[in-house]
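Novice: entry-v6.txt is the file, holding compact mmCIF, C-alpha atoms and all ligand atoms:
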```
# COMPACT_ATOMS: atom_id res chain seq x y z
CA MET A 1 0.00 0.00 0.00
CA SER A 2 1.33 3.41 -1.00
CA VAL A 3 1.87 5.90 1.79
CA HIS A 4 3.18 8.80 -0.26
CA PRO A 5 1.08 11.98 -0.37
CA PRO A 6 -1.06 12.39 -3.51
CA SER A 7 0.77 13.90 -6.48
CA ALA A 8 -0.40 14.98 -9.92
CA ALA A 9 0.64 11.57 -11.26
CA ASP A 10 -1.82 9.86 -8.91
CA THR A 11 -4.91 11.72 -9.95
CA PRO A 12 -7.45 10.51 -12.49
CA ALA A 13 -7.26 12.10 -15.94
CA SER A 14 -4.02 13.82 -14.95
CA ARG A 15 -5.89 16.31 -12.80
CA PRO A 16 -3.35 18.42 -10.93
CA VAL A 17 -3.43 18.39 -7.16
CA LEU A 18 -5.10 21.68 -6.29
CA ASN A 19 -3.65 24.24 -3.94
CA LEU A 20 -4.32 27.91 -3.34
CA PRO A 21 -1.97 29.24 -6.08
CA ARG A 22 -3.57 26.85 -8.61
CA LEU A 23 -7.05 27.98 -7.60
CA ARG A 24 -5.91 31.58 -8.05
CA GLU A 25 -4.55 30.71 -11.50
CA ALA A 26 -7.88 29.12 -12.43
CA GLN A 27 -9.69 32.24 -11.25
CA GLY A 28 -7.27 34.40 -13.27
CA ARG A 29 -8.02 32.37 -16.40
CA GLY A 30 -11.72 32.96 -15.80
CA GLU A 31 -12.30 29.27 -15.04
CA LYS A 32 -15.19 28.83 -12.61
CA ILE A 33 -14.42 26.94 -9.41
CA ALA A 34 -16.73 24.06 -8.46
CA MET A 35 -17.10 23.49 -4.72
CA LEU A 36 -19.37 21.07 -2.86
CA THR A 37 -19.75 20.23 0.78
CA CYS A 38 -18.45 16.83 1.83
CA TYR A 39 -18.39 15.03 5.15
CA ASP A 40 -16.85 11.57 4.70
CA ALA A 41 -14.11 9.66 2.89
CA THR A 42 -16.29 7.80 0.38
CA PHE A 43 -18.01 10.92 -0.90
CA ALA A 44 -14.64 12.68 -0.92
CA ARG A 45 -13.35 10.08 -3.40
CA VAL A 46 -16.50 10.24 -5.56
CA LEU A 47 -16.54 14.06 -5.66
CA ASP A 48 -12.81 14.26 -6.29
CA ASP A 49 -12.98 11.73 -9.14
CA ALA A 50 -15.89 13.69 -10.66
CA GLY A 51 -13.70 16.80 -10.82
CA VAL A 52 -14.91 18.91 -7.88
CA ASP A 53 -12.20 21.50 -7.22
CA VAL A 54 -12.88 22.24 -3.57
CA LEU A 55 -14.42 20.11 -0.83
CA LEU A 56 -15.94 22.07 2.04
CA VAL A 57 -16.45 20.27 5.33
CA GLY A 58 -19.32 22.56 6.19
CA ASP A 59 -20.90 22.89 9.58
CA SER A 60 -24.06 22.17 7.56
CA LEU A 61 -23.22 18.65 8.72
CA GLY A 62 -25.27 19.67 11.76
CA ASN A 63 -28.31 19.70 9.47
CA VAL A 64 -27.65 16.98 6.92
CA ILE A 65 -25.64 14.46 8.97
CA GLN A 66 -26.84 15.06 12.53
CA GLY A 67 -30.44 16.08 11.79
CA GLU A 68 -30.21 19.25 13.89
CA ALA A 69 -32.39 22.28 13.13
CA SER A 70 -29.35 24.58 12.83
CA THR A 71 -25.55 24.49 12.69
CA LEU A 72 -25.22 25.82 16.24
CA PRO A 73 -24.81 22.46 18.05
CA VAL A 74 -21.81 21.42 15.90
CA THR A 75 -18.55 21.22 17.89
CA LEU A 76 -14.91 21.70 16.93
CA GLU A 77 -14.22 18.04 17.72
CA GLN A 78 -16.95 16.96 15.29
CA MET A 79 -15.57 19.28 12.58
CA ALA A 80 -12.07 17.88 13.11
CA TYR A 81 -13.41 14.31 12.90
CA HIS A 82 -15.23 14.90 9.60
CA THR A 83 -12.29 16.87 8.20
CA ARG A 84 -10.06 13.89 8.90
CA CYS A 85 -12.57 11.57 7.18
CA VAL A 86 -12.68 13.75 4.05
CA ALA A 87 -8.90 14.18 4.00
CA GLN A 88 -8.52 10.36 3.92
CA GLY A 89 -10.68 10.03 0.79
CA LYS A 90 -9.69 13.00 -1.33
CA ARG A 91 -6.89 13.08 -3.89
CA ALA A 92 -6.63 16.28 -5.95
CA ALA A 93 -9.33 18.51 -4.48
CA PHE A 94 -8.56 21.39 -2.10
CA LEU A 95 -10.00 20.94 1.39
CA ILE A 96 -11.63 23.67 3.48
CA ALA A 97 -13.09 23.14 6.95
CA ASP A 98 -15.65 25.35 8.69
CA MET A 99 -14.89 26.85 12.07
CA PRO A 100 -18.04 26.01 14.05
CA PHE A 101 -20.07 28.36 16.22
CA GLY A 102 -18.21 29.21 19.44
CA ALA A 103 -14.78 28.15 18.16
CA TYR A 104 -13.42 31.50 16.94
CA GLU A 105 -15.51 34.48 18.03
CA ALA A 106 -13.96 35.10 21.46
CA SER A 107 -10.49 36.14 20.29
CA PRO A 108 -7.90 35.67 17.53
CA GLU A 109 -6.03 33.34 19.90
CA GLN A 110 -9.10 31.14 20.32
CA ALA A 111 -9.53 31.10 16.54
CA PHE A 112 -5.88 30.15 16.04
CA ALA A 113 -6.17 27.17 18.41
CA SER A 114 -9.33 25.99 16.63
CA ALA A 115 -7.80 26.47 13.19
CA VAL A 116 -4.75 24.43 14.24
CA ALA A 117 -7.04 21.54 15.21
CA LEU A 118 -8.70 21.65 11.76
CA MET A 119 -5.42 22.02 9.84
CA ARG A 120 -3.95 19.10 11.78
CA SER A 121 -6.97 17.08 10.67
CA GLY A 122 -6.16 17.79 7.01
CA ALA A 123 -7.79 21.14 6.20
CA GLN A 124 -5.86 23.38 3.82
CA MET A 125 -7.94 26.46 4.68
CA VAL A 126 -10.47 27.36 7.35
CA LYS A 127 -13.73 29.19 6.83
CA LEU A 128 -15.35 31.51 9.31
CA GLU A 129 -18.59 33.43 9.19
CA GLY A 130 -19.03 37.11 9.86
CA GLY A 131 -18.21 40.63 8.86
CA GLY A 132 -15.74 43.35 9.74
CA TYR A 133 -15.37 42.33 13.38
CA THR A 134 -13.69 39.10 12.23
CA ALA A 135 -11.10 40.99 10.14
CA GLU A 136 -8.67 41.15 13.08
CA THR A 137 -8.97 37.37 13.47
CA VAL A 138 -8.54 36.77 9.74
CA ARG A 139 -5.33 38.86 9.76
CA PHE A 140 -4.06 37.00 12.83
CA LEU A 141 -4.59 33.60 11.15
CA VAL A 142 -3.22 34.62 7.75
CA GLU A 143 -0.06 36.08 9.32
CA ARG A 144 0.46 32.69 11.01
CA GLY A 145 0.20 30.74 7.77
CA ILE A 146 -3.44 29.69 7.87
CA PRO A 147 -5.36 30.50 4.68
CA VAL A 148 -8.82 31.85 5.40
CA CYS A 149 -12.13 31.77 3.58
CA ALA A 150 -14.56 34.40 4.89
CA HIS A 151 -18.35 34.04 4.67
CA LEU A 152 -20.78 36.94 4.26
CA GLY A 153 -24.45 37.41 3.42
CA LEU A 154 -26.60 34.83 5.13
CA THR A 155 -24.41 33.49 7.93
CA PRO A 156 -26.35 30.51 9.36
CA GLN A 157 -24.55 30.62 12.73
CA ARG A 158 -26.41 33.93 13.28
CA VAL A 159 -29.81 32.55 12.41
CA HIS A 160 -31.33 33.67 15.72
CA ALA A 161 -29.91 37.19 15.39
CA ILE A 162 -31.08 37.47 11.78
CA GLY A 163 -34.45 35.85 12.51
CA GLY A 164 -34.40 33.25 9.71
CA TYR A 165 -32.66 32.08 6.56
CA ARG A 166 -33.29 34.98 4.23
CA VAL A 167 -31.58 37.00 1.50
CA GLN A 168 -29.15 39.63 2.83
CA GLY A 169 -28.03 42.92 1.26
CA ARG A 170 -31.31 43.79 -0.43
CA ASP A 171 -31.63 47.34 0.90
CA ASP A 172 -29.07 50.14 0.57
CA THR A 173 -27.94 50.01 4.21
CA SER A 174 -27.31 46.28 4.35
CA ALA A 175 -25.72 46.30 0.87
CA ALA A 176 -23.34 49.05 2.04
CA LEU A 177 -22.47 47.00 5.13
CA LEU A 178 -21.74 43.95 2.97
CA ARG A 179 -19.46 46.00 0.71
CA ALA A 180 -17.60 47.39 3.73
CA ASP A 181 -17.27 43.91 5.30
CA ALA A 182 -15.91 42.44 2.07
CA ALA A 183 -13.35 45.26 1.81
CA ALA A 184 -12.24 44.77 5.43
CA LEU A 185 -11.86 41.00 4.96
CA ALA A 186 -9.96 41.39 1.68
CA ASP A 187 -7.66 43.91 3.36
CA ALA A 188 -7.10 41.48 6.25
CA GLY A 189 -5.83 38.85 3.80
CA ALA A 190 -8.77 36.48 3.31
CA ALA A 191 -8.08 34.46 0.16
CA MET A 192 -11.62 33.33 -0.47
CA LEU A 193 -15.09 34.66 0.30
CA VAL A 194 -18.34 32.71 0.34
CA LEU A 195 -21.32 34.94 -0.48
CA GLU A 196 -24.55 33.26 0.60
CA LEU A 197 -28.03 34.47 -0.35
CA VAL A 198 -26.93 37.82 -1.71
CA PRO A 199 -28.53 39.61 -4.70
CA SER A 200 -26.57 38.60 -7.80
CA ILE A 201 -25.85 42.19 -8.78
CA LEU A 202 -24.17 42.83 -5.41
CA ALA A 203 -22.18 39.56 -5.48
CA ARG A 204 -20.97 40.41 -8.99
CA GLU A 205 -19.94 43.90 -7.87
CA ILE A 206 -18.03 42.61 -4.80
CA SER A 207 -16.26 40.00 -6.98
CA ALA A 208 -15.20 42.63 -9.49
CA THR A 209 -14.05 45.08 -6.80
CA HIS A 210 -11.81 42.52 -5.04
CA PRO A 211 -10.14 40.35 -7.68
CA GLN A 212 -7.68 39.13 -5.02
CA LEU A 213 -10.62 37.30 -3.40
CA ILE A 214 -11.84 34.02 -4.89
CA THR A 215 -15.56 34.57 -4.44
CA ILE A 216 -17.82 31.53 -4.14
CA GLY A 217 -21.55 32.01 -4.43
CA ILE A 218 -24.49 30.07 -3.02
CA GLY A 219 -27.74 31.70 -3.98
CA ALA A 220 -25.68 34.70 -5.14
CA GLY A 221 -25.98 34.48 -8.92
CA ALA A 222 -23.41 33.75 -11.61
CA GLY A 223 -21.02 36.66 -11.11
CA THR A 224 -18.73 35.01 -8.54
CA SER A 225 -15.47 33.10 -9.18
CA GLY A 226 -17.20 29.82 -8.36
CA GLN A 227 -20.18 28.10 -6.79
CA VAL A 228 -20.90 25.90 -3.79
CA LEU A 229 -23.92 23.79 -2.88
CA VAL A 230 -24.65 21.50 0.02
CA LEU A 231 -24.08 17.98 -1.35
CA HIS A 232 -27.36 16.59 -0.05
CA ASP A 233 -29.28 19.48 -1.64
CA MET A 234 -27.83 18.97 -5.12
CA LEU A 235 -28.47 15.23 -4.85
CA GLY A 236 -32.12 15.97 -4.10
CA LEU A 237 -31.94 14.27 -0.71
CA VAL A 238 -33.13 17.03 1.59
CA GLY A 239 -36.63 17.07 2.93
CA GLY A 240 -37.89 13.89 1.25
CA ALA A 241 -40.05 13.50 -1.85
CA GLY A 242 -42.07 16.57 -2.82
CA ALA A 243 -40.27 18.85 -0.34
CA LYS A 244 -39.79 22.44 -1.48
CA ARG A 245 -36.18 23.16 -2.39
CA PRO A 246 -34.63 26.59 -1.83
CA ARG A 247 -34.73 28.50 -5.09
CA PHE A 248 -30.94 28.56 -5.46
CA VAL A 249 -30.67 24.75 -5.45
CA ARG A 250 -30.81 22.50 -8.51
CA ASP A 251 -31.33 18.74 -8.15
CA PHE A 252 -28.57 17.43 -10.41
CA THR A 253 -29.84 13.85 -10.24
CA ARG A 254 -32.95 14.82 -12.22
CA LEU A 255 -32.02 17.45 -14.73
CA PRO A 256 -35.15 18.68 -16.53
CA GLY A 257 -35.16 17.76 -20.20
CA SER A 258 -32.40 15.18 -19.81
CA ALA A 259 -32.95 11.54 -20.73
CA ALA A 260 -32.36 10.73 -17.07
CA GLU A 261 -35.05 13.08 -15.75
CA ALA A 262 -37.37 10.27 -14.67
CA ALA A 263 -34.83 7.54 -13.94
CA GLY A 264 -32.28 9.77 -12.26
CA LEU A 265 -28.52 10.00 -12.60
CA SER A 266 -26.03 8.14 -10.44
CA ILE A 267 -24.33 10.18 -7.74
CA ALA A 268 -21.08 10.28 -9.72
CA GLN A 269 -22.94 11.40 -12.89
CA ALA A 270 -24.89 14.06 -10.98
CA VAL A 271 -21.72 15.47 -9.43
CA ALA A 272 -19.99 15.48 -12.83
CA ALA A 273 -23.04 17.29 -14.26
CA TYR A 274 -22.73 19.89 -11.47
CA VAL A 275 -19.04 20.45 -12.23
CA ALA A 276 -19.78 20.77 -15.95
CA ALA A 277 -22.67 23.19 -15.31
CA VAL A 278 -20.59 25.41 -13.01
CA LYS A 279 -17.60 25.44 -15.34
CA GLY A 280 -19.75 25.89 -18.45
CA GLY A 281 -21.74 28.72 -16.87
CA SER A 282 -25.16 27.05 -17.06
CA PHE A 283 -25.44 26.92 -13.26
CA PRO A 284 -26.66 29.05 -11.70
CA ASP A 285 -29.23 30.29 -14.13
CA GLU A 286 -29.92 33.78 -12.70
CA ALA A 287 -33.58 33.75 -13.63
CA GLN A 288 -34.19 30.43 -11.85
CA HIS A 289 -31.58 30.37 -9.12
CA GLY A 290 -30.67 34.00 -8.45
CA TYR A 291 -32.11 36.79 -6.29
O1 LIG B 301 -21.77 24.85 6.14
C1 LIG B 301 -21.90 24.92 4.92
O2 LIG B 301 -22.25 23.96 4.23
C2 LIG B 301 -21.60 26.19 4.28
C3 LIG B 301 -21.98 26.34 2.83
C4 LIG B 301 -23.44 26.44 2.70
C5 LIG B 301 -21.29 27.49 2.20
O3 LIG B 301 -21.13 27.08 4.90
```
Now, as a test, write the supplied structure out as structure tokens.
Ligand code: KIV
Specialist:
Amino acid sequence: MSVHPPSAADTPASRPVLNLPRLREAQGRGEKIAMLTCYDATFARVLDDAGVDVLLVGDSLGNVIQGEASTLPVTLEQMAYHTRCVAQGKRAAFLIADMPFGAYEASPEQAFASAVALMRSGAQMVKLEGGGYTAETVRFLVERGIPVCAHLGLTPQRVHAIGGYRVQGRDDTSAALLRADAAALADAGAAMLVLELVPSILAREISATHPQLITIGIGAGAGTSGQVLVLHDMLGLVGGAGAKRPRFVRDFTRLPGSAAEAAGLSIAQAVAAYVAAVKGGSFPDEAQHGY
């Protein structure tokens, strides 16, 4: 059994092992970045083989793995465990782990200790939710060699403060706040920025204003550097048959108009279809999936 770390030669179809500089190069070429959430080794292998660029061990595992009503109960230990699982299964994809609620807000030092636990579990970048107040923490981590993905717009860890899962940045005041937060996080050295449930025009503007940020949209239109979806959402698994999907989600197992619409695609085919749709620009379709 081989114990060497994955190299380009190991990857299917000569896919290079992705790192931050390579993701930046892809962004520079105008190639869209395909990200999905992932929580275990088997899915990590399937997603990686299907060409997903970035695997996000999201704290959405609280919802889709643990069955919780929010991400708030998820602990750092659980995030480290799932990060380790995904790291064991992936080959070429870049791996980001979420900092869970309560693991980074108290101080930059607390955030550093939590980020170390996730990086030791195999993460190559950590993601944390929140605006300008987190900029000091982002700078602290980046200066210590930890790449950071910020997360603005709908930040699910603040669901009780926000009062629900709804689009952010619709009015002038909240749009101005989002712009200021993005600028502060870019200035602090964040390399990536997830924009969740943000009007597409605003996400496009933020992406254009900060080309040093790799922007990843979810319910934020087509103007970002890439897209992310929760794996279980794009496989049509959430909520059971007939459940209403959020508007920004597409079920890639049953693509309308495709031969497989009734029968359904395999998981590997659905994930490959997602990658192709993100890279080809057919997902998201702003009219259907944007705000
Ligand atoms: O936890 C998660 O899955 C996320 C994505 C929705 C971006 O943060």
Novice: Around ligand LIG 301 (chain B), at most 10 Å away and counting only C-alpha atoms and all ligand atoms, which residues are there? Put them as a PyMOL selection string, please.
Specialist: chain A and resi 35-39+56-64+71+97-100+127-129+150-152+154-157+193-197+216-219+227-232
Novice: Using only C-alpha atoms, which of A:Gln168, A:Ser282, A:Gln269, A:Thr137 sits nearest A:Leu47?
Specialist: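 Result for the nearest residue to A:Leu47: A:Gln269.
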Novice: So, with only C-alpha atoms as the atoms that count, which of A:Leu185, A:Val17, A:Leu202, A:Val167 lies closest to A:Arg247?
Specialist: A:Val167
Novice: Measure the distance from atom CA of A:Ala186 to atom CA of A:Pro246 in Å and round it to one decimal.
Specialist: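 Taking atom CA of A:Ala186 and atom CA of A:Pro246, their separation equals 29.0 Å.
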Novice: Return the single residue from A:Arg254, A:Lys244, A:Arg45, A:Arg204 that is closest to A:Gly221, with distances computed using all atoms listed in the file.
Specialist: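 Using all atoms listed in the file, A:Gly221 sits closest to A:Arg204.
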Novice: Between A:Ile162, A:Ile96, A:Ala277, A:Ala270, which is the closest to A:Ala191 once you count only C-alpha atoms?
Specialist: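 Of all the options, A:Ile96 lies closest to A:Ala191.
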Novice: Produce the centre coordinates and the three edge lengths, each in Å to one decimal, of the box along x, y and z that contains all listed atoms of stretch 265-279 of chain A with 6 Å added on each side, as AutoDock Vina command-line options.
Specialist:
```
--center_x -23.1 --center_y 16.8 --center_z -11.8 --size_x 22.9 --size_y 29.3 --size_z 20.2
```
Novice: Using all atoms listed in the file, which residue out of A:Ile65, A:Ala135, A:Ala103, A:Ala220 lies closest to A:Asp181?
Specialist: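 Result for the nearest residue to A:Asp181: A:Ala135.
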Novice: To one decimal place in Å, what is the distance between atom CA of A:Gly164 and atom CA of A:Gly130?
Specialist: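 Result for atom CA of A:Gly164 versus atom CA of A:Gly130: 15.8 Å, one decimal.
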